[in-house]
file query_4.txt (compact mmCIF, C-alpha atoms)
# COMPACT_ATOMS: atom_id res chain seq x y z
CA MET A 1 17.84 25.36 -13.21
CA LYS A 2 18.40 21.87 -14.51
CA ILE A 3 19.09 19.07 -12.05
CA ASN A 4 22.62 17.72 -12.10
CA ILE A 5 22.39 14.67 -14.36
CA PRO A 6 25.22 13.96 -16.83
CA GLU A 7 24.43 14.52 -20.50
CA SER A 8 24.16 11.37 -22.60
CA LYS A 9 24.13 10.51 -26.28
CA HIS A 10 21.44 7.95 -25.52
CA PRO A 11 17.73 8.70 -24.91
CA ARG A 12 16.84 9.58 -21.32
CA ILE A 13 14.03 7.58 -19.72
CA VAL A 14 12.78 9.21 -16.52
CA ILE A 15 10.80 7.00 -14.11
CA ILE A 16 8.75 8.61 -11.34
CA GLY A 17 8.22 6.25 -8.40
CA ALA A 18 10.36 3.56 -6.74
CA GLY A 19 7.54 1.11 -6.16
CA PHE A 20 7.28 -2.39 -7.60
CA GLY A 21 6.72 -1.23 -11.18
CA GLY A 22 9.34 1.52 -11.21
CA ILE A 23 12.03 -0.70 -9.69
CA LYS A 24 11.28 -3.58 -12.07
CA LEU A 25 11.34 -1.30 -15.12
CA ALA A 26 14.61 0.40 -14.15
CA LYS A 27 16.32 -2.96 -13.52
CA ALA A 28 15.03 -4.43 -16.77
CA LEU A 29 16.54 -1.49 -18.70
CA ARG A 30 20.08 -2.17 -17.46
CA LYS A 31 21.26 -3.49 -20.85
CA THR A 32 19.31 -0.98 -22.94
CA ASP A 33 21.11 1.86 -24.74
CA CYS A 34 19.46 4.56 -22.69
CA GLN A 35 19.98 6.69 -19.61
CA VAL A 36 17.66 5.69 -16.77
CA VAL A 37 16.77 8.31 -14.14
CA LEU A 38 14.59 7.25 -11.21
CA ILE A 39 12.87 9.93 -9.12
CA ASP A 40 11.26 9.31 -5.73
CA LYS A 41 10.61 11.35 -2.59
CA ASN A 42 12.19 8.53 -0.52
CA ASN A 43 15.61 6.97 -1.00
CA PHE A 44 14.24 3.50 -0.31
CA HIS A 45 11.79 0.95 -1.70
CA THR A 46 9.02 -0.26 0.61
CA PHE A 47 7.57 -3.77 0.48
CA GLN A 48 3.98 -2.65 1.04
CA PRO A 49 2.34 -6.10 1.50
CA LEU A 50 4.05 -6.35 4.92
CA LEU A 51 3.24 -2.87 6.20
CA TYR A 52 0.56 -4.35 8.46
CA GLN A 53 3.24 -6.41 10.24
CA VAL A 54 5.17 -3.24 11.05
CA ALA A 55 1.93 -1.67 12.29
CA THR A 56 1.28 -4.63 14.60
CA SER A 57 4.85 -4.91 15.95
CA ALA A 58 5.76 -8.14 14.16
CA LEU A 59 8.53 -6.62 12.04
CA GLU A 60 10.83 -3.63 12.27
CA ALA A 61 10.44 -0.95 9.61
CA GLU A 62 13.96 -1.48 8.23
CA SER A 63 13.24 -5.12 7.40
CA ILE A 64 10.72 -4.21 4.67
CA CYS A 65 12.57 -1.18 3.28
CA TYR A 66 15.66 -1.26 1.10
CA PRO A 67 17.93 1.55 -0.21
CA VAL A 68 17.27 2.36 -3.86
CA ARG A 69 20.94 2.91 -4.65
CA LYS A 70 21.81 -0.49 -3.15
CA ILE A 71 19.33 -2.16 -5.51
CA PHE A 72 21.07 -0.68 -8.57
CA GLU A 73 24.70 -1.08 -7.56
CA GLY A 74 26.77 -1.65 -10.69
CA GLN A 75 24.08 -0.54 -13.17
CA LYS A 76 26.06 1.98 -15.18
CA ASN A 77 23.16 3.60 -17.03
CA PHE A 78 21.20 4.32 -13.82
CA TYR A 79 20.84 7.55 -11.80
CA PHE A 80 18.67 8.22 -8.76
CA ARG A 81 17.51 11.55 -7.38
CA ARG A 82 15.51 12.01 -4.18
CA LYS A 83 12.95 14.57 -5.28
CA THR A 84 9.20 15.19 -5.42
CA VAL A 85 7.75 15.85 -8.86
CA LYS A 86 5.45 18.88 -8.81
CA LYS A 87 4.24 19.00 -12.40
CA ILE A 88 4.75 17.49 -15.83
CA HIS A 89 5.31 19.86 -18.76
CA ALA A 90 4.42 17.49 -21.58
CA GLU A 91 4.83 19.89 -24.50
CA GLU A 92 8.30 21.01 -23.40
CA LYS A 93 9.28 17.46 -22.26
CA TYR A 94 10.47 18.25 -18.76
CA ILE A 95 9.28 17.80 -15.16
CA ASP A 96 9.18 20.39 -12.41
CA LEU A 97 10.94 19.26 -9.22
CA GLY A 98 10.24 22.41 -7.22
CA LYS A 99 12.40 25.41 -6.31
CA ASP A 100 13.02 26.13 -10.00
CA VAL A 101 14.68 22.74 -10.50
CA THR A 102 13.74 20.87 -13.70
CA LEU A 103 14.65 17.63 -15.46
CA GLU A 104 14.29 17.03 -19.19
CA TYR A 105 13.33 13.66 -20.61
CA ASP A 106 12.97 11.84 -23.90
CA TYR A 107 10.54 9.33 -22.41
CA LEU A 108 8.66 9.61 -19.13
CA VAL A 109 7.13 6.78 -17.07
CA ILE A 110 4.73 7.50 -14.22
CA ALA A 111 4.82 4.74 -11.60
CA THR A 112 3.55 6.70 -8.60
CA GLY A 113 1.21 3.98 -7.34
CA ALA A 114 -1.87 4.67 -5.25
CA ARG A 115 -2.97 6.51 -2.16
CA THR A 116 -5.81 5.91 0.28
CA ASN A 117 -9.22 6.87 -1.08
CA PHE A 118 -11.43 8.46 1.58
CA PHE A 119 -14.09 9.37 -1.02
CA GLY A 120 -13.89 13.03 -0.05
CA ASN A 121 -15.22 12.47 3.48
CA GLU A 122 -13.48 14.97 5.73
CA GLY A 123 -14.28 13.07 8.92
CA LEU A 124 -12.43 10.07 7.54
CA ILE A 125 -9.61 12.10 5.97
CA VAL A 126 -8.84 13.90 9.21
CA ASN A 127 -9.54 11.25 11.86
CA ALA A 128 -9.09 7.79 10.33
CA MET A 129 -5.75 6.00 10.17
CA SER A 130 -4.44 4.69 6.85
CA MET A 131 -1.55 2.39 6.02
CA LYS A 132 -0.07 3.08 2.58
CA ASN A 133 3.54 3.87 3.52
CA ILE A 134 6.10 3.09 6.20
CA ILE A 135 5.49 6.31 8.16
CA GLU A 136 1.78 5.55 8.41
CA ALA A 137 2.54 1.99 9.55
CA ILE A 138 4.87 3.27 12.31
CA ASP A 139 2.26 5.87 13.33
CA LEU A 140 -0.36 3.14 13.60
CA ARG A 141 1.94 0.98 15.71
CA SER A 142 2.58 3.91 18.05
CA LEU A 143 -1.13 4.73 18.29
CA VAL A 144 -2.12 1.15 19.16
CA LEU A 145 0.44 1.01 21.97
CA GLN A 146 -0.33 4.55 23.14
CA ASN A 147 -4.00 3.61 23.46
CA PHE A 148 -3.20 0.85 25.93
CA GLU A 149 -0.72 2.95 27.84
CA LYS A 150 -3.38 5.64 28.22
CA ALA A 151 -6.08 3.12 29.11
CA LEU A 152 -4.00 2.16 32.16
CA THR A 153 -4.36 5.69 33.53
CA LEU A 154 -8.13 6.11 33.09
CA THR A 155 -10.90 5.34 35.54
CA ASN A 156 -13.73 6.28 33.18
CA GLU A 157 -14.97 2.97 31.80
CA ARG A 158 -16.41 4.40 28.56
CA LYS A 159 -13.21 6.27 27.67
CA ARG A 160 -11.10 3.22 28.49
CA GLN A 161 -13.31 1.04 26.29
CA GLY A 162 -12.97 3.47 23.39
CA LEU A 163 -9.19 3.18 23.60
CA MET A 164 -9.40 -0.62 23.58
CA ASN A 165 -11.72 -0.82 20.58
CA PHE A 166 -10.41 -0.92 17.02
CA VAL A 167 -12.51 -0.62 13.86
CA ILE A 168 -11.11 -1.66 10.48
CA ALA A 169 -13.12 -0.53 7.48
CA GLY A 170 -12.66 -2.77 4.45
CA ALA A 171 -12.26 -6.57 4.37
CA GLY A 172 -9.92 -6.94 1.44
CA PRO A 173 -6.52 -8.60 1.98
CA THR A 174 -5.09 -5.63 3.92
CA GLY A 175 -8.08 -5.37 6.25
CA VAL A 176 -8.26 -9.11 6.85
CA GLU A 177 -4.52 -9.46 7.52
CA LEU A 178 -4.51 -6.46 9.86
CA ALA A 179 -7.55 -7.73 11.77
CA GLY A 180 -5.96 -11.16 12.13
CA ALA A 181 -2.71 -9.65 13.41
CA LEU A 182 -4.58 -7.57 16.01
CA GLY A 183 -6.50 -10.69 17.01
CA GLU A 184 -3.25 -12.54 17.64
CA MET A 185 -1.97 -9.62 19.71
CA LYS A 186 -5.16 -9.72 21.78
CA GLN A 187 -4.79 -13.43 22.48
CA LYS A 188 -1.02 -13.82 22.87
CA VAL A 189 0.75 -10.52 23.49
CA LEU A 190 -1.31 -7.80 25.14
CA PRO A 191 -2.40 -9.83 28.21
CA LYS A 192 1.29 -10.22 29.12
CA ASP A 193 2.14 -6.56 28.48
CA TYR A 194 -0.89 -5.13 30.27
CA PRO A 195 -1.95 -7.54 33.04
CA GLU A 196 -3.74 -4.66 34.82
CA LEU A 197 -6.21 -4.38 31.93
CA ASP A 198 -8.96 -6.84 31.08
CA ILE A 199 -7.85 -7.46 27.49
CA SER A 200 -10.87 -9.70 26.92
CA LYS A 201 -12.87 -6.47 26.67
CA MET A 202 -10.81 -5.36 23.67
CA ASN A 203 -13.01 -5.38 20.56
CA ILE A 204 -11.77 -5.67 16.98
CA TYR A 205 -14.45 -4.84 14.42
CA LEU A 206 -13.91 -5.62 10.73
CA VAL A 207 -16.57 -3.73 8.78
CA GLN A 208 -17.34 -4.79 5.21
CA SER A 209 -19.88 -3.21 2.86
CA ARG A 210 -20.41 -6.47 0.97
CA ASP A 211 -21.77 -9.83 2.12
CA ARG A 212 -18.40 -11.55 2.61
CA VAL A 213 -14.75 -10.89 3.36
CA LEU A 214 -12.11 -11.14 0.61
CA PRO A 215 -14.70 -10.66 -2.16
CA ALA A 216 -12.03 -10.98 -4.87
CA LEU A 217 -11.44 -14.60 -3.83
CA SER A 218 -13.80 -17.56 -4.08
CA GLU A 219 -16.69 -18.04 -1.66
CA LYS A 220 -14.88 -21.05 -0.20
CA SER A 221 -11.78 -19.00 0.58
CA SER A 222 -13.92 -16.18 1.99
CA ALA A 223 -15.78 -18.55 4.30
CA ARG A 224 -12.51 -20.07 5.48
CA ALA A 225 -11.00 -16.65 6.19
CA LEU A 226 -14.15 -15.62 8.08
CA LYS A 227 -13.85 -18.68 10.31
CA TYR A 228 -10.18 -17.92 11.03
CA LEU A 229 -11.04 -14.32 11.96
CA GLU A 230 -13.84 -15.34 14.29
CA ASN A 231 -11.54 -17.85 16.03
CA LEU A 232 -9.15 -14.96 16.71
CA GLY A 233 -11.91 -12.94 18.35
CA VAL A 234 -12.53 -10.53 15.45
CA GLU A 235 -16.14 -9.37 15.11
CA VAL A 236 -16.90 -9.26 11.39
CA VAL A 237 -19.69 -6.84 10.48
CA LEU A 238 -20.98 -7.51 6.95
CA ASN A 239 -23.32 -5.53 4.68
CA THR A 240 -22.39 -2.37 6.56
CA ARG A 241 -20.78 0.84 5.31
CA VAL A 242 -18.80 3.31 7.38
CA LEU A 243 -20.27 6.74 6.67
CA ASP A 244 -18.29 9.01 8.95
CA TYR A 245 -15.93 9.11 11.88
CA HIS A 246 -15.87 11.77 14.56
CA GLY A 247 -12.79 10.71 16.49
CA ASP A 248 -14.53 8.68 19.17
CA TYR A 249 -17.33 6.77 17.45
CA VAL A 250 -17.83 5.27 13.99
CA GLN A 251 -21.05 6.09 12.18
CA THR A 252 -22.45 3.43 9.84
CA ASN A 253 -25.48 3.12 7.57
CA THR A 254 -27.09 0.76 10.09
CA ASP A 255 -28.01 1.16 13.72
CA GLN A 256 -24.66 -0.32 14.74
CA ASP A 257 -22.47 2.68 15.55
CA MET A 258 -19.23 1.68 17.28
CA ILE A 259 -17.39 3.45 20.09
CA ALA A 260 -13.70 3.52 19.17
CA LYS A 261 -10.78 5.92 19.35
CA THR A 262 -9.15 4.19 16.37
CA LEU A 263 -10.60 3.69 12.90
CA ILE A 264 -8.25 2.13 10.36
CA TRP A 265 -9.38 2.78 6.80
CA THR A 266 -8.53 0.06 4.25
CA ALA A 267 -11.76 0.36 2.24
CA GLY A 268 -10.42 2.03 -0.87
CA VAL A 269 -7.47 3.28 -2.87
CA GLU A 270 -7.13 5.68 -5.77
CA GLY A 271 -4.40 6.49 -8.22
CA ALA A 272 -1.79 9.11 -7.38
CA PRO A 273 -1.24 10.92 -10.71
CA ILE A 274 0.85 14.04 -11.24
CA SER A 275 -0.58 17.30 -12.53
CA GLY A 276 0.12 18.42 -16.06
CA LEU A 277 -1.46 15.60 -18.07
CA GLY A 278 -4.90 17.20 -18.45
CA VAL A 279 -8.30 16.05 -17.22
CA ASP A 280 -8.91 13.93 -20.32
CA ALA A 281 -6.09 11.61 -19.28
CA ILE A 282 -7.67 10.79 -15.90
CA SER A 283 -10.21 8.00 -15.53
CA ARG A 284 -12.33 6.69 -12.65
CA GLY A 285 -10.47 6.09 -9.43
CA ASN A 286 -8.09 8.95 -10.27
CA ARG A 287 -6.10 6.61 -12.52
CA ILE A 288 -4.35 7.57 -15.76
CA LEU A 289 -5.82 6.20 -18.98
CA VAL A 290 -3.29 4.15 -20.95
CA ASP A 291 -3.45 2.08 -24.10
CA GLU A 292 -2.44 -1.56 -24.45
CA TYR A 293 1.24 -0.53 -24.50
CA ASN A 294 0.92 1.50 -21.26
CA ARG A 295 1.25 4.72 -23.25
CA ILE A 296 -0.85 7.54 -21.83
CA LYS A 297 -3.60 8.48 -24.25
CA GLY A 298 -2.79 11.74 -25.99
CA HIS A 299 0.95 11.57 -25.20
CA GLU A 300 3.34 9.72 -27.49
CA ASN A 301 6.34 9.65 -25.15
CA ILE A 302 4.70 9.40 -21.69
CA PHE A 303 3.76 6.06 -20.12
CA ALA A 304 2.17 4.90 -16.87
CA ILE A 305 2.39 1.53 -15.11
CA GLY A 306 1.08 -0.08 -11.95
CA ASP A 307 -1.71 1.15 -9.69
CA VAL A 308 -1.81 4.61 -11.23
CA ALA A 309 -2.47 3.22 -14.73
CA ALA A 310 -5.92 2.26 -16.03
CA MET A 311 -5.77 0.03 -19.09
CA GLU A 312 -9.46 -0.17 -19.92
CA THR A 313 -10.26 -2.95 -22.40
CA GLU A 314 -13.11 -5.39 -23.01
CA ASP A 315 -11.43 -7.85 -20.62
CA THR A 316 -10.60 -5.15 -18.05
CA PRO A 317 -13.29 -2.43 -18.34
CA ARG A 318 -12.24 -0.95 -14.97
CA GLY A 319 -8.53 -1.46 -15.51
CA HIS A 320 -6.33 -4.15 -14.00
CA PRO A 321 -6.45 -4.88 -10.26
CA MET A 322 -4.29 -2.56 -8.18
CA VAL A 323 -1.86 -5.22 -6.96
CA ALA A 324 1.91 -5.63 -7.09
CA PRO A 325 2.05 -8.42 -9.74
CA VAL A 326 0.38 -6.14 -12.29
CA ALA A 327 2.96 -3.40 -11.69
CA VAL A 328 5.86 -5.85 -11.91
CA GLN A 329 4.61 -7.42 -15.14
CA GLN A 330 3.89 -4.04 -16.72
CA GLY A 331 7.36 -2.80 -15.78
CA GLU A 332 8.93 -5.85 -17.35
CA GLN A 333 6.85 -5.60 -20.53
CA LEU A 334 7.45 -1.87 -20.90
CA ALA A 335 11.20 -2.43 -20.70
CA LYS A 336 10.92 -4.86 -23.61
CA ASN A 337 8.84 -2.34 -25.53
CA PHE A 338 11.41 0.39 -24.93
CA ASN A 339 14.00 -1.87 -26.53
CA ARG A 340 11.70 -2.32 -29.51
CA LEU A 341 10.86 1.38 -29.61
CA LEU A 342 14.53 2.40 -29.72
CA LYS A 343 15.09 -0.08 -32.53
CA LYS A 344 11.99 1.23 -34.34
CA GLN A 345 10.24 -2.11 -34.04
CA GLU A 346 6.55 -2.74 -33.46
CA LEU A 347 5.45 -2.66 -29.81
CA ARG A 348 3.72 -5.62 -28.18
CA PRO A 349 0.59 -5.22 -26.04
CA PHE A 350 0.55 -6.01 -22.35
CA LYS A 351 -1.23 -9.18 -21.22
CA TYR A 352 -1.62 -9.78 -17.51
CA LYS A 353 -0.93 -13.29 -16.23
CA ASP A 354 -2.93 -13.82 -13.06
CA LYS A 355 -0.97 -16.24 -10.89
CA GLY A 356 -3.51 -16.30 -8.08
CA ALA A 357 -4.35 -14.47 -4.88
CA MET A 358 -3.68 -15.02 -1.20
CA ALA A 359 -4.16 -13.59 2.27
CA THR A 360 -2.97 -14.62 5.71
CA VAL A 361 -5.03 -14.27 8.88
CA GLY A 362 -2.49 -15.49 11.41
CA LYS A 363 -0.16 -18.32 12.32
CA ASN A 364 -1.10 -21.42 10.32
CA LYS A 365 -4.14 -19.54 9.02
CA ALA A 366 -4.14 -18.39 5.41
CA VAL A 367 -6.02 -18.80 2.14
CA VAL A 368 -4.45 -19.22 -1.29
CA GLN A 369 -6.32 -19.34 -4.57
CA ILE A 370 -4.54 -20.53 -7.71
CA GLY A 371 -6.96 -20.89 -10.59
CA LYS A 372 -9.80 -23.02 -9.28
CA ARG A 373 -7.71 -24.49 -6.47
CA ASN A 374 -8.45 -23.24 -2.96
CA ILE A 375 -5.86 -23.99 -0.29
CA GLY A 376 -6.15 -23.16 3.40
CA GLY A 377 -4.51 -23.74 6.77
CA PHE A 378 -0.82 -24.43 7.32
CA VAL A 379 -0.05 -25.25 3.68
CA ALA A 380 -1.54 -21.96 2.50
CA TRP A 381 0.25 -20.08 5.27
CA PHE A 382 3.58 -21.65 4.25
CA ILE A 383 2.99 -20.75 0.58
CA TRP A 384 2.11 -17.17 1.58
CA MET A 385 5.26 -16.90 3.70
CA LEU A 386 7.52 -18.33 0.97
CA VAL A 387 6.09 -16.06 -1.76
CA HIS A 388 6.54 -12.94 0.36
CA LEU A 389 10.04 -13.88 1.46
CA LEU A 390 11.18 -14.39 -2.14
CA ALA A 391 9.56 -11.12 -3.21
CA LEU A 392 11.40 -9.05 -0.59
CA VAL A 393 14.27 -6.95 -1.92
CA GLY A 394 17.69 -7.77 -0.48
CA PHE A 395 19.16 -10.88 1.18
CA ARG A 396 19.53 -9.10 4.52
CA ASN A 397 15.80 -8.25 4.59
CA ARG A 398 14.82 -11.81 3.73
CA LEU A 399 17.03 -13.18 6.48
CA VAL A 400 15.79 -10.72 9.13
CA VAL A 401 12.13 -11.32 8.26
CA LEU A 402 12.61 -15.09 8.30
CA MET A 403 14.29 -14.93 11.71
CA ASN A 404 11.49 -12.76 13.11
CA TRP A 405 8.79 -15.02 11.71
CA THR A 406 10.54 -18.10 13.09
CA ARG A 407 10.83 -16.55 16.56
CA ASN A 408 7.22 -15.35 16.51
CA TYR A 409 6.04 -18.78 15.39
CA PHE A 410 7.51 -20.58 18.37
CA ASN A 411 6.96 -18.06 21.16
CA SER A 412 3.99 -16.04 19.79
CA ASP A 413 5.82 -12.83 20.66
CA ARG A 414 6.06 -9.50 18.84
CA GLY A 415 9.33 -7.90 19.81
CA MET A 416 8.93 -4.49 18.14
CA ARG A 417 6.39 -3.05 20.59
CA LEU A 418 8.12 0.33 20.59
CA ILE A 419 6.82 3.88 20.75
CA ILE A 420 9.89 5.51 19.25
CA THR A 421 8.07 8.46 17.71
CA PRO A 422 4.78 9.12 19.55
CA PHE A 423 1.82 9.65 17.25
CA GLU A 424 0.47 13.20 17.47
CA LEU A 425 -3.07 13.54 16.16
CA SER A 426 -2.92 17.32 15.68
CA LYS A 427 0.11 17.10 13.38
CA ALA A 428 -1.39 14.16 11.51
CA LYS A 429 -4.63 16.09 10.92
CA LYS A 430 -2.78 19.09 9.52
CA LYS A 431 -0.69 16.94 7.20
CA ARG A 432 -3.72 15.01 5.96
CA ARG A 433 -5.66 18.22 5.27
CA GLU A 434 -2.77 19.52 3.16
CA GLN A 435 -2.37 16.21 1.35
CA TYR A 436 -6.04 15.86 0.42
CA GLY A 437 -6.91 19.54 0.25
CA VAL A 438 -9.98 19.34 2.48
CA GLY A 439 -11.93 22.27 3.89
CA LEU A 440 -13.33 22.72 7.36
CA GLU A 441 -16.86 21.37 6.95
CA HIS A 442 -17.90 17.71 7.33
CA HIS A 443 -19.48 16.18 4.28
CA VAL A 444 -20.34 12.73 2.99
CA THR A 445 -19.87 12.52 -0.74
CA GLU A 446 -22.45 11.06 -3.10
CA GLU A 447 -19.88 8.47 -4.15
CA LEU A 448 -19.59 7.16 -0.60
CA GLU A 449 -23.35 6.97 -0.14
CA LYS A 450 -23.83 4.82 -3.25

call {"tool": "encode", "arguments": {"input": "query_4.txt", "output": "structure tokens"}}
result
Amino acid sequence: MKINIPESKHPRIVIIGAGFGGIKLAKALRKTDCQVVLIDKNNFHTFQPLLYQVATSALEAESICYPVRKIFEGQKNFYFRRKTVKKIHAEEKYIDLGKDVTLEYDYLVIATGARTNFFGNEGLIVNAMSMKNIIEAIDLRSLVLQNFEKALTLTNERKRQGLMNFVIAGAGPTGVELAGALGEMKQKVLPKDYPELDISKMNIYLVQSRDRVLPALSEKSSARALKYLENLGVEVVLNTRVLDYHGDYVQTNTDQDMIAKTLIWTAGVEGAPISGLGVDAISRGNRILVDEYNRIKGHENIFAIGDVAAMETEDTPRGHPMVAPVAVQQGEQLAKNFNRLLKKQELRPFKYKDKGAMATVGKNKAVVQIGKRNIGGFVAWFIWMLVHLLALVGFRNRLVVLMNWTRNYFNSDRGMRLIITPFELSKAKKKRREQYGVGLEHHVTEELEK
């Protein structure tokens, strides 16, 4: 049974994924003589760089999500369907949407982004927390608050300490920003909420396998970020790998095993491709191999953009970094190439323009790197805030986030400390097992041990 999409005399371009790349591509095709169909399992776009602020009660979930249909109001060649794509049938040029529902295409674009990479370790898959979507961010917020609520009821010192300890694996931008946010909560928020607890005993461990935090930035920026983290009470553990997690203590490759009821895994991501392309199309990191035009190798009319795409060249032998600017620029360039393709003109290769990198650690604490310039402190924090505000989708979201940030700046409060949907570990374990297809035995993969 075909999905209900009107027939068109123009070519149909189907885009899978309403992330940064998919949204940018669909918007850029608004004046193209084609029918644009966007497929996503959610009816909203999520601004992922601010997920950690939802997880740490700084922002409400609705302020970083925006309805897909609202984004494309007035775009006459656009259609959206809330569906999950099960399989691509490349030869027949259609996608399987489940329950015998199909959708034909002339051109297909895969923009499904990335998912957390646990390197096949079942202990991490089942027990660690991740933060790649809005549901996971809300679950993490609930778990953090539930830990302190439960700690109030315990007399066993060891169990109480485990609830008050938090381990973050991975010191990239997400790990650093999350650790800084938890550090601010420890200093400014939690002592007021839980005066019966000695919050000074709360430990925040940021574990990094390399010799510095934010390894993608300069050594100067890394050193500055490390100083900010230490001032917020975060214990940074360098040259250490998390090997396994058993639900109450974190096992590392050193003698420093940490007691903690919460491990937050930010140490890796992998592509989230869709079945049907064949194993030859998949590269390292579970990403889809594409040429310089973002066309999937071996498929003339199927493209991939963003985190899921690996454009391996001499300049980028491991593909482009898995960050939002790459997805946005690829979406924009692919839209231009579709215009050329439909006019039977020569396509132009994608060239990534790196505009810099940044990370915030807390109020007035951030690092920004633009070329060889390294900026820190309040100026960097203001730049970070301005860039993220402008990148948010929707005026209402920008206004709400700005108001929350302004309030938090002056009173150091986090008003969204709500346990609306309690986090249930048993349900989360079952869902994660199904998502990653793990068995019942613990194992540490060779890839993780490297």

call {"tool": "residues_around", "arguments": {"input": "query_4.txt", "residues": "region 425-432 of chain A", "least_positions_apart": "5", "cutoff": "8 Å", "atoms": "only C-alpha atoms", "output": "MDAnalysis selection string"}}
result
chainID A and resid 125:127 437

call {"tool": "closest_residue", "arguments": {"input": "query_4.txt", "among": "A:Arg115, A:Arg396, A:Arg224, A:Arg417", "to": "Gly271 (chain A)", "atoms": "all atoms listed in the file"}}
result
A:Arg115

call {"tool": "closest_residue", "arguments": {"input": "query_4.txt", "among": "A:Gln329, A:Thr262, A:Thr102, A:Asn339", "to": "Lys87 (chain A)", "atoms": "only C-alpha atoms"}}
result
A:Thr102

call {"tool": "closest_residue", "arguments": {"input": "query_4.txt", "among": "A:Thr153, A:Gln251, A:Asn117, A:Thr174", "to": "Gln48 (chain A)", "atoms": "all atoms listed in the file"}}
result
A:Thr174

call {"tool": "closest_residue", "arguments": {"input": "query_4.txt", "among": "A:Asp255, A:Glu434, A:Glu314, A:Glu184", "to": "Ser412 (chain A)", "atoms": "all atoms listed in the file"}}
result
A:Glu184

call {"tool": "atom_distance", "arguments": {"input": "query_4.txt", "atom1": "CA of Ala171 (chain A)", "atom2": "CA of Leu386 (chain A)"}}
result
23.3 Å

call {"tool": "axis_aligned_box", "arguments": {"input": "query_4.txt", "around": "region 158-166 of chain A", "padding_each_side": "3 Å", "output": "lines of an AutoDock Vina configuration file"}}
result
center_x = -12.8
center_y = 2.7
center_z = 22.8
size_x = 13.2
size_y = 13.2
size_z = 17.5

call {"tool": "closest_residue", "arguments": {"input": "query_4.txt", "among": "A:Val237, A:Leu334, A:Val269, A:Leu418", "to": "Phe303 (chain A)", "atoms": "only C-alpha atoms"}}
result
A:Leu334

call {"tool": "decode", "arguments": {"input": "query_4.txt", "residues": "region 297-337 of chain A", "atoms": "C-alpha atoms", "output": "PDB file, in the first residue's frame"}}
result
ATOM      1  CA  LYS A 297      28.744   5.013  -3.912  1.00  0.00           C
ATOM      2  CA  GLY A 298      27.042   2.437  -6.105  1.00  0.00           C
ATOM      3  CA  HIS A 299      23.713   4.313  -6.210  1.00  0.00           C
ATOM      4  CA  GLU A 300      23.075   6.996  -8.816  1.00  0.00           C
ATOM      5  CA  ASN A 301      19.933   8.479  -7.254  1.00  0.00           C
ATOM      6  CA  ILE A 302      20.558   8.029  -3.498  1.00  0.00           C
ATOM      7  CA  PHE A 303      22.450  10.605  -1.434  1.00  0.00           C
ATOM      8  CA  ALA A 304      23.499  10.982   2.203  1.00  0.00           C
ATOM      9  CA  ILE A 305      24.361  14.115   4.183  1.00  0.00           C
ATOM     10  CA  GLY A 306      25.390  15.023   7.707  1.00  0.00           C
ATOM     11  CA  ASP A 307      26.658  12.707  10.435  1.00  0.00           C
ATOM     12  CA  VAL A 308      25.593   9.548   8.627  1.00  0.00           C
ATOM     13  CA  ALA A 309      27.682  10.405   5.539  1.00  0.00           C
ATOM     14  CA  ALA A 310      31.404   9.662   5.197  1.00  0.00           C
ATOM     15  CA  MET A 311      33.051  11.652   2.425  1.00  0.00           C
ATOM     16  CA  GLU A 312      36.521  10.126   2.523  1.00  0.00           C
ATOM     17  CA  THR A 313      39.081  12.183   0.591  1.00  0.00           C
ATOM     18  CA  GLU A 314      42.764  13.035   0.916  1.00  0.00           C
ATOM     19  CA  ASP A 315      41.808  16.043   3.063  1.00  0.00           C
ATOM     20  CA  THR A 316      39.239  14.079   5.092  1.00  0.00           C
ATOM     21  CA  PRO A 317      40.401  10.425   5.183  1.00  0.00           C
ATOM     22  CA  ARG A 318      37.982   9.657   8.039  1.00  0.00           C
ATOM     23  CA  GLY A 319      35.167  11.790   6.687  1.00  0.00           C
ATOM     24  CA  HIS A 320      34.086  15.218   7.891  1.00  0.00           C
ATOM     25  CA  PRO A 321      33.563  15.899  11.598  1.00  0.00           C
ATOM     26  CA  MET A 322      30.135  14.861  12.874  1.00  0.00           C
ATOM     27  CA  VAL A 323      28.929  18.365  13.730  1.00  0.00           C
ATOM     28  CA  ALA A 324      25.907  20.446  12.750  1.00  0.00           C
ATOM     29  CA  PRO A 325      27.713  22.932  10.430  1.00  0.00           C
ATOM     30  CA  VAL A 326      28.784  20.084   8.142  1.00  0.00           C
ATOM     31  CA  ALA A 327      25.195  18.839   7.842  1.00  0.00           C
ATOM     32  CA  VAL A 328      23.860  22.340   7.177  1.00  0.00           C
ATOM     33  CA  GLN A 329      26.458  23.097   4.505  1.00  0.00           C
ATOM     34  CA  GLN A 330      25.969  19.720   2.822  1.00  0.00           C
ATOM     35  CA  GLY A 331      22.202  20.228   2.782  1.00  0.00           C
ATOM     36  CA  GLU A 332      22.621  23.622   1.188  1.00  0.00           C
ATOM     37  CA  GLN A 333      25.109  22.380  -1.407  1.00  0.00           C
ATOM     38  CA  LEU A 334      23.024  19.323  -2.279  1.00  0.00           C
ATOM     39  CA  ALA A 335      20.003  21.544  -2.924  1.00  0.00           C
ATOM     40  CA  LYS A 336      22.077  23.510  -5.429  1.00  0.00           C
ATOM     41  CA  ASN A 337      23.231  20.281  -7.036  1.00  0.00           C
TER      42      ASN A 337
END
